[in-house]
>>> print(open('query22.csv').read())   # CSV, C-alpha atoms and all ligand atoms
chain,number,residue,atom,x,y,z
A,983,MET,CA,-6.5,-42.8,-39.7
A,984,ILE,CA,-9.6,-45.0,-39.1
A,985,ASN,CA,-8.8,-48.7,-39.0
A,986,ASN,CA,-11.5,-50.0,-41.3
A,987,ALA,CA,-10.9,-53.6,-40.3
A,988,ALA,CA,-11.5,-52.8,-36.6
A,989,LEU,CA,-14.9,-51.4,-37.6
A,990,LEU,CA,-15.9,-54.1,-40.1
A,991,ARG,CA,-14.7,-57.1,-38.3
A,992,LYS,CA,-17.0,-57.0,-35.3
A,993,PRO,CA,-14.9,-57.8,-32.2
A,994,THR,CA,-15.5,-59.7,-29.0
A,995,LEU,CA,-14.3,-57.6,-26.0
A,996,THR,CA,-14.1,-59.3,-22.6
A,997,GLY,CA,-14.2,-57.4,-19.3
A,998,GLU,CA,-14.3,-58.5,-15.7
A,999,ASN,CA,-18.0,-59.1,-15.5
A,1000,LEU,CA,-19.3,-59.0,-19.1
A,1001,ARG,CA,-18.4,-59.5,-22.7
A,1002,LEU,CA,-19.2,-57.3,-25.8
A,1003,VAL,CA,-20.0,-59.6,-28.8
A,1004,PRO,CA,-21.2,-58.9,-32.3
A,1005,LEU,CA,-25.0,-58.2,-32.3
A,1006,SER,CA,-26.7,-61.1,-34.1
A,1007,PRO,CA,-30.1,-62.7,-34.5
A,1008,ARG,CA,-29.7,-64.7,-31.3
A,1009,HIS,CA,-30.0,-61.4,-29.4
A,1010,ALA,CA,-33.2,-60.3,-31.2
A,1011,GLU,CA,-35.8,-61.5,-28.7
A,1012,SER,CA,-34.2,-60.1,-25.6
A,1013,PHE,CA,-33.3,-56.9,-27.4
A,1014,TRP,CA,-36.9,-56.5,-28.6
A,1015,ARG,CA,-38.3,-57.2,-25.1
A,1016,ALA,CA,-36.1,-54.4,-23.7
A,1017,THR,CA,-37.5,-52.0,-26.4
A,1018,GLN,CA,-41.0,-52.6,-25.0
A,1019,ASP,CA,-40.1,-51.3,-21.5
A,1020,PRO,CA,-41.7,-47.9,-20.9
A,1021,GLU,CA,-38.9,-46.6,-18.6
A,1022,SER,CA,-36.2,-47.6,-21.1
A,1023,ARG,CA,-38.1,-45.8,-23.8
A,1024,ARG,CA,-38.3,-42.7,-21.7
A,1025,LEU,CA,-34.6,-42.8,-20.9
A,1026,THR,CA,-33.6,-43.3,-24.5
A,1027,GLY,CA,-36.3,-41.1,-26.0
A,1028,SER,CA,-37.5,-43.9,-28.2
A,1029,ARG,CA,-40.8,-43.1,-29.8
A,1030,ARG,CA,-40.9,-45.7,-32.6
A,1031,ASP,CA,-42.6,-49.1,-32.1
A,1032,PHE,CA,-40.5,-52.0,-33.3
A,1033,THR,CA,-41.9,-55.4,-34.0
A,1034,LEU,CA,-39.8,-58.5,-33.3
A,1035,ALA,CA,-39.4,-58.9,-37.0
A,1036,ASP,CA,-37.9,-55.4,-37.2
A,1037,ILE,CA,-35.4,-56.2,-34.5
A,1038,GLU,CA,-34.6,-59.6,-36.0
A,1039,HIS,CA,-33.8,-57.9,-39.3
A,1040,TRP,CA,-31.8,-55.2,-37.6
A,1041,CYS,CA,-29.7,-57.8,-35.7
A,1042,ALA,CA,-29.2,-59.8,-38.8
A,1043,THR,CA,-27.8,-56.9,-40.8
A,1044,ARG,CA,-25.3,-55.5,-38.2
A,1045,ALA,CA,-22.4,-57.7,-39.2
A,1046,ASP,CA,-22.2,-56.0,-42.7
A,1047,GLN,CA,-22.0,-52.4,-41.6
A,1048,PRO,CA,-18.6,-50.9,-42.3
A,1049,GLU,CA,-19.4,-47.4,-40.9
A,1050,ARG,CA,-20.7,-48.4,-37.4
A,1051,LEU,CA,-20.2,-50.9,-34.7
A,1052,ASP,CA,-23.2,-52.6,-32.9
A,1053,LEU,CA,-22.4,-55.0,-30.1
A,1054,ALA,CA,-24.5,-56.9,-27.6
A,1055,ILE,CA,-23.6,-56.9,-24.0
A,1056,GLU,CA,-23.6,-60.4,-22.4
A,1057,ASP,CA,-22.7,-61.7,-19.0
A,1058,LEU,CA,-19.8,-64.2,-19.0
A,1059,ASP,CA,-22.4,-67.1,-19.3
A,1060,GLY,CA,-23.7,-65.6,-22.5
A,1061,ARG,CA,-26.9,-64.1,-21.1
A,1062,TYR,CA,-28.1,-60.9,-22.8
A,1063,LEU,CA,-27.6,-57.7,-20.7
A,1064,GLY,CA,-28.1,-55.0,-23.4
A,1065,GLU,CA,-26.6,-53.4,-26.5
A,1066,LEU,CA,-24.3,-50.5,-27.4
A,1067,ALA,CA,-23.1,-48.9,-30.6
A,1068,LEU,CA,-20.7,-46.5,-32.2
A,1069,ILE,CA,-22.6,-44.6,-34.9
A,1070,ASP,CA,-22.5,-41.4,-37.0
A,1071,LEU,CA,-18.9,-41.9,-37.9
A,1072,ASP,CA,-17.0,-38.8,-39.2
A,1073,ARG,CA,-13.9,-40.2,-40.9
A,1074,ASP,CA,-12.3,-36.8,-41.5
A,1075,SER,CA,-12.6,-35.7,-37.8
A,1076,ARG,CA,-12.2,-39.3,-36.5
A,1077,SER,CA,-15.3,-39.0,-34.3
A,1078,ALA,CA,-18.4,-41.0,-33.7
A,1079,ALA,CA,-21.4,-41.0,-31.4
A,1080,PHE,CA,-22.1,-43.6,-28.7
A,1081,ARG,CA,-25.3,-45.1,-27.5
A,1082,ILE,CA,-26.1,-47.8,-25.0
A,1083,ALA,CA,-29.2,-49.4,-23.5
A,1084,LEU,CA,-29.0,-52.1,-20.8
A,1085,ALA,CA,-32.0,-54.4,-20.3
A,1086,PRO,CA,-34.0,-53.1,-17.2
A,1087,THR,CA,-32.9,-55.9,-15.0
A,1088,ALA,CA,-29.2,-55.3,-15.7
A,1089,ALA,CA,-29.1,-51.6,-14.8
A,1090,GLY,CA,-27.6,-50.2,-11.6
A,1091,ARG,CA,-24.9,-52.8,-11.0
A,1092,GLY,CA,-21.9,-51.1,-12.6
A,1093,LEU,CA,-22.3,-53.0,-15.9
A,1094,GLY,CA,-23.1,-49.9,-18.0
A,1095,THR,CA,-19.9,-48.2,-16.8
A,1096,GLU,CA,-17.8,-51.3,-17.5
A,1097,ALA,CA,-19.3,-51.9,-21.0
A,1098,THR,CA,-18.8,-48.2,-21.9
A,1099,ARG,CA,-15.2,-48.3,-20.8
A,1100,LEU,CA,-14.6,-51.5,-22.9
A,1101,LEU,CA,-16.1,-49.9,-26.0
A,1102,LEU,CA,-14.2,-46.6,-25.5
A,1103,ASP,CA,-10.9,-48.5,-25.2
A,1104,HIS,CA,-11.7,-50.3,-28.5
A,1105,ALA,CA,-12.7,-47.0,-30.2
A,1106,PHE,CA,-9.5,-45.2,-29.3
A,1107,THR,CA,-6.9,-48.0,-29.4
A,1108,ALA,CA,-8.2,-50.2,-32.2
A,1109,VAL,CA,-10.6,-48.1,-34.4
A,1110,GLY,CA,-8.4,-45.0,-34.2
A,1111,LEU,CA,-11.1,-42.5,-33.2
A,1112,HIS,CA,-10.1,-39.2,-31.6
A,1113,ARG,CA,-13.5,-38.3,-30.1
A,1114,VAL,CA,-16.6,-40.2,-29.0
A,1115,HIS,CA,-19.6,-38.1,-28.1
A,1116,LEU,CA,-23.1,-38.7,-26.8
A,1117,GLU,CA,-26.4,-37.0,-25.8
A,1118,VAL,CA,-28.2,-37.7,-22.6
A,1119,PHE,CA,-31.4,-36.2,-21.2
A,1120,ASP,CA,-31.3,-34.1,-18.0
A,1121,TYR,CA,-33.7,-36.5,-16.3
A,1122,ASN,CA,-31.3,-39.4,-16.6
A,1123,PRO,CA,-28.7,-38.8,-13.8
A,1124,ARG,CA,-27.8,-42.5,-13.6
A,1125,ALA,CA,-26.6,-42.4,-17.2
A,1126,GLN,CA,-24.8,-39.1,-16.7
A,1127,ARG,CA,-22.9,-40.5,-13.7
A,1128,ALA,CA,-22.1,-43.8,-15.5
A,1129,TYR,CA,-20.7,-41.9,-18.5
A,1130,GLN,CA,-18.7,-39.6,-16.3
A,1131,LYS,CA,-17.2,-42.7,-14.5
A,1132,ALA,CA,-16.4,-44.2,-17.9
A,1133,GLY,CA,-14.4,-41.2,-19.0
A,1134,PHE,CA,-16.9,-38.7,-20.6
A,1135,THR,CA,-16.8,-35.0,-19.8
A,1136,LEU,CA,-19.8,-32.7,-19.8
A,1137,GLU,CA,-19.4,-30.3,-22.7
A,1138,GLY,CA,-22.8,-28.5,-23.0
A,1139,ARG,CA,-26.5,-28.3,-22.6
A,1140,LEU,CA,-29.1,-28.0,-25.4
A,1141,ARG,CA,-31.9,-26.1,-23.6
A,1142,GLN,CA,-35.4,-27.6,-24.0
A,1143,ALA,CA,-34.2,-29.7,-26.9
A,1144,HIS,CA,-36.3,-32.7,-26.0
A,1145,HIS,CA,-40.1,-32.9,-25.6
A,1146,TRP,CA,-41.5,-35.9,-23.6
A,1147,ASP,CA,-44.8,-36.4,-21.8
A,1148,GLY,CA,-45.9,-32.8,-22.4
A,1149,GLN,CA,-42.7,-31.2,-21.0
A,1150,TRP,CA,-39.5,-29.7,-22.3
A,1151,HIS,CA,-36.2,-31.1,-21.1
A,1152,ASP,CA,-32.6,-30.2,-21.7
A,1153,THR,CA,-30.2,-32.5,-23.6
A,1154,LEU,CA,-26.7,-32.7,-22.2
A,1155,LEU,CA,-23.7,-33.2,-24.5
A,1156,MET,CA,-20.7,-35.3,-23.3
A,1157,ALA,CA,-17.6,-36.5,-25.0
A,1158,ALA,CA,-14.4,-38.4,-24.4
A,1159,LEU,CA,-11.1,-37.8,-26.2
A,1160,ALA,CA,-8.4,-40.2,-27.1
A,1161,THR,CA,-5.7,-38.0,-25.7
A,1162,GLU,CA,-7.4,-37.9,-22.3
A,1163,TRP,CA,-8.1,-41.6,-22.5
A,1164,ARG,CA,-4.4,-42.4,-23.1
A,1165,ALA,CA,-3.3,-40.0,-20.3
A,1166,ALA,CA,-5.7,-41.7,-17.9
A,1167,THR,CA,-4.9,-45.3,-18.9
A,1168,PRO,CA,-1.5,-46.5,-17.9
A,1169,THR,CA,0.4,-48.4,-20.6
A,1170,PRO,CA,1.6,-51.9,-19.6
A,1171,ALA,CA,5.2,-50.6,-19.5
A,1172,ALA,CA,4.3,-48.0,-17.0
A,1173,THR,CA,2.5,-50.3,-14.6
B,1,LIG,C1,-27.4,-45.7,-18.6
B,1,LIG,C2,-26.8,-47.1,-18.2
B,1,LIG,C3,-26.0,-47.6,-19.4
B,1,LIG,C4,-25.9,-46.9,-17.0
B,1,LIG,O1,-25.4,-48.2,-16.7
B,1,LIG,P1,-25.7,-48.8,-15.2
B,1,LIG,O2,-25.0,-50.1,-15.2
B,1,LIG,O3,-27.1,-48.7,-14.8
B,1,LIG,O4,-24.9,-47.7,-14.3
B,1,LIG,P2,-23.7,-48.0,-13.3
B,1,LIG,O5,-24.3,-48.9,-12.2
B,1,LIG,O6,-22.5,-48.4,-14.0
B,1,LIG,O7,-23.5,-46.5,-12.7
B,1,LIG,C5,-24.6,-45.7,-12.3
B,1,LIG,C6,-24.1,-44.6,-11.4
B,1,LIG,O8,-25.1,-43.7,-11.3
B,1,LIG,C7,-25.5,-43.5,-9.9
B,1,LIG,N1,-26.9,-43.3,-9.9
B,1,LIG,C8,-27.9,-44.1,-10.0
B,1,LIG,N2,-29.1,-43.5,-9.9
B,1,LIG,C9,-28.8,-42.1,-9.7
B,1,LIG,C10,-29.5,-41.0,-9.6
B,1,LIG,N3,-30.9,-41.0,-9.6
B,1,LIG,N4,-28.9,-39.8,-9.4
B,1,LIG,C11,-27.5,-39.7,-9.5
B,1,LIG,N5,-26.7,-40.8,-9.6
B,1,LIG,C12,-27.4,-42.0,-9.7
B,1,LIG,C13,-25.1,-44.8,-9.3
B,1,LIG,O9,-24.9,-44.7,-7.8
B,1,LIG,C14,-23.7,-45.1,-10.0
B,1,LIG,O10,-22.7,-44.2,-9.5
B,1,LIG,P3,-21.6,-44.7,-8.4
B,1,LIG,O11,-20.9,-45.9,-8.9
B,1,LIG,O12,-20.8,-43.5,-8.3
B,1,LIG,O13,-22.4,-45.0,-7.1
B,1,LIG,C15,-28.0,-48.0,-17.9
B,1,LIG,O14,-28.6,-47.7,-16.7
B,1,LIG,C16,-29.1,-48.1,-19.0
B,1,LIG,O15,-28.8,-48.5,-20.1
B,1,LIG,N6,-30.3,-47.6,-18.7
B,1,LIG,C17,-31.4,-47.7,-19.6
B,1,LIG,C18,-31.3,-46.9,-20.9
B,1,LIG,C19,-30.5,-45.6,-20.7
B,1,LIG,O16,-30.7,-44.8,-19.8
B,1,LIG,N7,-29.6,-45.4,-21.7
B,1,LIG,C20,-28.8,-44.3,-21.8
B,1,LIG,C21,-29.5,-43.2,-22.6
B,1,LIG,S1,-28.5,-41.8,-22.8
>>> encode(input="query22.csv", output="structure tokens", more="lines below")
Ligand SMILES: CC(C)(COP(=O)(O)OP(=O)(O)OC[C@H]1O[C@@H](n2cnc3c(N)ncnc32)[C@H](O)[C@@H]1OP(=O)(O)O)[C@@H](O)C(=O)NCCC(=O)NCCS
Amino acid sequence: MINNAALLRKPTLTGENLRLVPLSPRHAESFWRATQDPESRRLTGSRRDFTLADIEHWCATRADQPERLDLAIEDLDGRYLGELALIDLDRDSRSAAFRIALAPTAAGRGLGTEATRLLLDHAFTAVGLHRVHLEVFDYNPRAQRAYQKAGFTLEGRLRQAHHWDGQWHDTLLMAALATEWRAATPTPAAT
């Protein structure tokens, strides 16, 4: 069963180098700035132009969403590093989709892998999900590698599913399962 409280009460999850905290209006300006970066837009396939007011509204309404979980990624001093989310919840099959975008200056330092692991742990152990899945473009090998390190397995390839800058690209499907997560994560008693 899905633990509704774990979805509705937005958690703070602390790792070795970063913290996941409820996305809120204090993140809006840094979040908005990251959405303006052309390379981030290419890597996430973002076509829509958001104003700062759009993002402020978005951040202000995340606390009241019972069917999804939006968290900001901060360093341990509270500086914004990016954001991630569990979305598209399927309660019957206990699955959800995952998305993440670090600010450009935060990428390539292991933080995406760490943040993804923290969220997967929460998804499986607190929310009660059985499966977390994602899509990633074939031209984003850094994300593919980070997802693989965090526990995702490549499941498939949607051929030429994505059109960007006049070219067709494949979209890769990856997923992580609770059973695999538990098997790979030693329980305190076993350590
Ligand atoms: C995707 C993202 C979350 C990954 O987080 P990150 O902190 O940058 O990644 P990490 O440093 O944890 O891991 C990256 C891994 O990819 C490897 N890598 C980097 N560039 C690579 C490339 N061109 N080809 C293959 N591997 C690459 C790194 O060496 C590292 O692997 P290693 O630890 O085995 O050496 C982050 O880069 C990001 O948000 N980028 C912008 C938006 C985006 O791409 N979002 C995902 C959309 S699906």
>>> closest_atom_pairs(input="query22.csv", of="chain A", to="ligand LIG 1 (chain B)", cutoff="8 Å", atoms="only C-alpha atoms and all ligand atoms", output="JSON lines")
{"residue": "A:Glu1021", "atom": "CA", "partner": "B:LIG1", "partner_atom": "C17", "distance": 7.6}
{"residue": "A:Ser1022", "atom": "CA", "partner": "B:LIG1", "partner_atom": "C18", "distance": 5.0}
{"residue": "A:Arg1023", "atom": "CA", "partner": "B:LIG1", "partner_atom": "C18", "distance": 7.5}
{"residue": "A:Leu1025", "atom": "CA", "partner": "B:LIG1", "partner_atom": "O16", "distance": 4.5}
{"residue": "A:Thr1026", "atom": "CA", "partner": "B:LIG1", "partner_atom": "C21", "distance": 4.5}
{"residue": "A:Gly1027", "atom": "CA", "partner": "B:LIG1", "partner_atom": "C21", "distance": 7.9}
{"residue": "A:Gly1064", "atom": "CA", "partner": "B:LIG1", "partner_atom": "O15", "distance": 7.3}
{"residue": "A:Arg1081", "atom": "CA", "partner": "B:LIG1", "partner_atom": "S1", "distance": 6.6}
{"residue": "A:Ile1082", "atom": "CA", "partner": "B:LIG1", "partner_atom": "N7", "distance": 5.4}
{"residue": "A:Ala1083", "atom": "CA", "partner": "B:LIG1", "partner_atom": "O15", "distance": 3.5}
{"residue": "A:Leu1084", "atom": "CA", "partner": "B:LIG1", "partner_atom": "O15", "distance": 3.7}
{"residue": "A:Ala1085", "atom": "CA", "partner": "B:LIG1", "partner_atom": "O15", "distance": 6.7}
{"residue": "A:Pro1086", "atom": "CA", "partner": "B:LIG1", "partner_atom": "C17", "distance": 6.5}
{"residue": "A:Ala1088", "atom": "CA", "partner": "B:LIG1", "partner_atom": "O2", "distance": 6.7}
{"residue": "A:Ala1089", "atom": "CA", "partner": "B:LIG1", "partner_atom": "O3", "distance": 3.5}
{"residue": "A:Gly1090", "atom": "CA", "partner": "B:LIG1", "partner_atom": "O3", "distance": 3.6}
{"residue": "A:Arg1091", "atom": "CA", "partner": "B:LIG1", "partner_atom": "O5", "distance": 4.1}
{"residue": "A:Gly1092", "atom": "CA", "partner": "B:LIG1", "partner_atom": "O6", "distance": 3.1}
{"residue": "A:Leu1093", "atom": "CA", "partner": "B:LIG1", "partner_atom": "O2", "distance": 4.0}
{"residue": "A:Gly1094", "atom": "CA", "partner": "B:LIG1", "partner_atom": "O1", "distance": 3.1}
{"residue": "A:Thr1095", "atom": "CA", "partner": "B:LIG1", "partner_atom": "O6", "distance": 3.8}
{"residue": "A:Glu1096", "atom": "CA", "partner": "B:LIG1", "partner_atom": "O6", "distance": 6.5}
{"residue": "A:Thr1098", "atom": "CA", "partner": "B:LIG1", "partner_atom": "C3", "distance": 7.6}
{"residue": "A:Leu1116", "atom": "CA", "partner": "B:LIG1", "partner_atom": "S1", "distance": 7.4}
{"residue": "A:Glu1117", "atom": "CA", "partner": "B:LIG1", "partner_atom": "S1", "distance": 6.0}
{"residue": "A:Val1118", "atom": "CA", "partner": "B:LIG1", "partner_atom": "S1", "distance": 4.1}
{"residue": "A:Phe1119", "atom": "CA", "partner": "B:LIG1", "partner_atom": "S1", "distance": 6.5}
{"residue": "A:Asn1122", "atom": "CA", "partner": "B:LIG1", "partner_atom": "O16", "distance": 6.3}
{"residue": "A:Pro1123", "atom": "CA", "partner": "B:LIG1", "partner_atom": "N4", "distance": 4.5}
{"residue": "A:Arg1124", "atom": "CA", "partner": "B:LIG1", "partner_atom": "O8", "distance": 3.7}
{"residue": "A:Ala1125", "atom": "CA", "partner": "B:LIG1", "partner_atom": "C1", "distance": 3.7}
{"residue": "A:Gln1126", "atom": "CA", "partner": "B:LIG1", "partner_atom": "O8", "distance": 7.1}
{"residue": "A:Arg1127", "atom": "CA", "partner": "B:LIG1", "partner_atom": "O8", "distance": 4.6}
{"residue": "A:Ala1128", "atom": "CA", "partner": "B:LIG1", "partner_atom": "O7", "distance": 4.1}
{"residue": "A:Tyr1129", "atom": "CA", "partner": "B:LIG1", "partner_atom": "C4", "distance": 7.4}
{"residue": "A:Lys1131", "atom": "CA", "partner": "B:LIG1", "partner_atom": "O12", "distance": 7.2}
>>> atom_distance(input="query22.csv", atom1="CA of Ala1079 in chain A", atom2="CA of Val1114 in chain A")
5.4 Å
>>> atom_distance(input="query22.csv", atom1="CA of His1009 in chain A", atom2="CA of Glu1038 in chain A")
8.2 Å
>>> residues_around(input="query22.csv", residues="range 1164-1166 of chain A", least_positions_apart="6", cutoff="10 Å", atoms="all atoms listed in the file", output="PyMOL selection string")
chain A and resi 1103+1106-1107+1133
>>> residues_around(input="query22.csv", residues="Asp1052 in chain A", least_positions_apart="3", cutoff="8 Å", atoms="only C-alpha atoms", output="number ranges by chain")
A: 992, 1004-1005, 1044, 1065-1068
>>> closest_residue(input="query22.csv", among="A:Arg1113, A:Ala1132, A:Gly997, A:Leu1101", to="Ser1077 in chain A", atoms="all atoms listed in the file")
A:Arg1113
>>> closest_residue(input="query22.csv", among="A:Asn986, A:Gln1142, A:Thr996, A:Thr1161", to="Asp1059 in chain A", atoms="only C-alpha atoms")
A:Thr996
>>> closest_residue(input="query22.csv", among="A:Ala1010, A:Phe1080, A:Tyr1121, A:Ala1108", to="Met1156 in chain A", atoms="only C-alpha atoms")
A:Phe1080
>>> atom_distance(input="query22.csv", atom1="CA of Leu990 in chain A", atom2="CA of Phe1013 in chain A")
21.7 Å
>>> closest_residue(input="query22.csv", among="A:Asp1036, A:Glu1056, A:Asp1031, A:Asp1019", to="Leu1000 in chain A", atoms="all atoms listed in the file")
A:Glu1056
>>> closest_residue(input="query22.csv", among="A:Leu1051, A:Ala1042, A:Leu1155, A:Leu1058", to="Glu998 in chain A", atoms="all atoms listed in the file")
A:Leu1058
>>> closest_residue(input="query22.csv", among="A:His1144, A:Arg1099, A:Arg1139, A:Arg1050", to="Ala987 in chain A", atoms="only C-alpha atoms")
A:Arg1050
>>> residues_around(input="query22.csv", residues="Leu1111 in chain A", least_positions_apart="6", cutoff="12 Å", atoms="all atoms listed in the file", output="list of chain:residue names")
A:Met983, A:Ile984, A:Asn985, A:Asn986, A:Ala988, A:Leu989, A:Leu1068, A:Ile1069, A:Leu1071, A:Asp1072, A:Arg1073, A:Asp1074, A:Ser1075, A:Arg1076, A:Ser1077, A:Ala1078, A:Ala1079, A:Phe1080, A:Leu1101, A:Leu1102, A:Asp1103, A:His1104, A:Ala1105, A:Ala1158, A:Leu1159, A:Ala1160, A:Thr1161, A:Trp1163
>>> residues_around(input="query22.csv", residues="Thr994 in chain A", least_positions_apart="6", cutoff="8 Å", atoms="all atoms listed in the file", output="number ranges by chain")
A: 1001-1004
>>> axis_aligned_box(input="query22.csv", around="range 1017-1036 of chain A", padding_each_side="8 Å", output="AutoDock Vina command-line options")
--center_x -38.1 --center_y -50.0 --center_z -27.9 --size_x 25.0 --size_y 33.8 --size_z 34.6
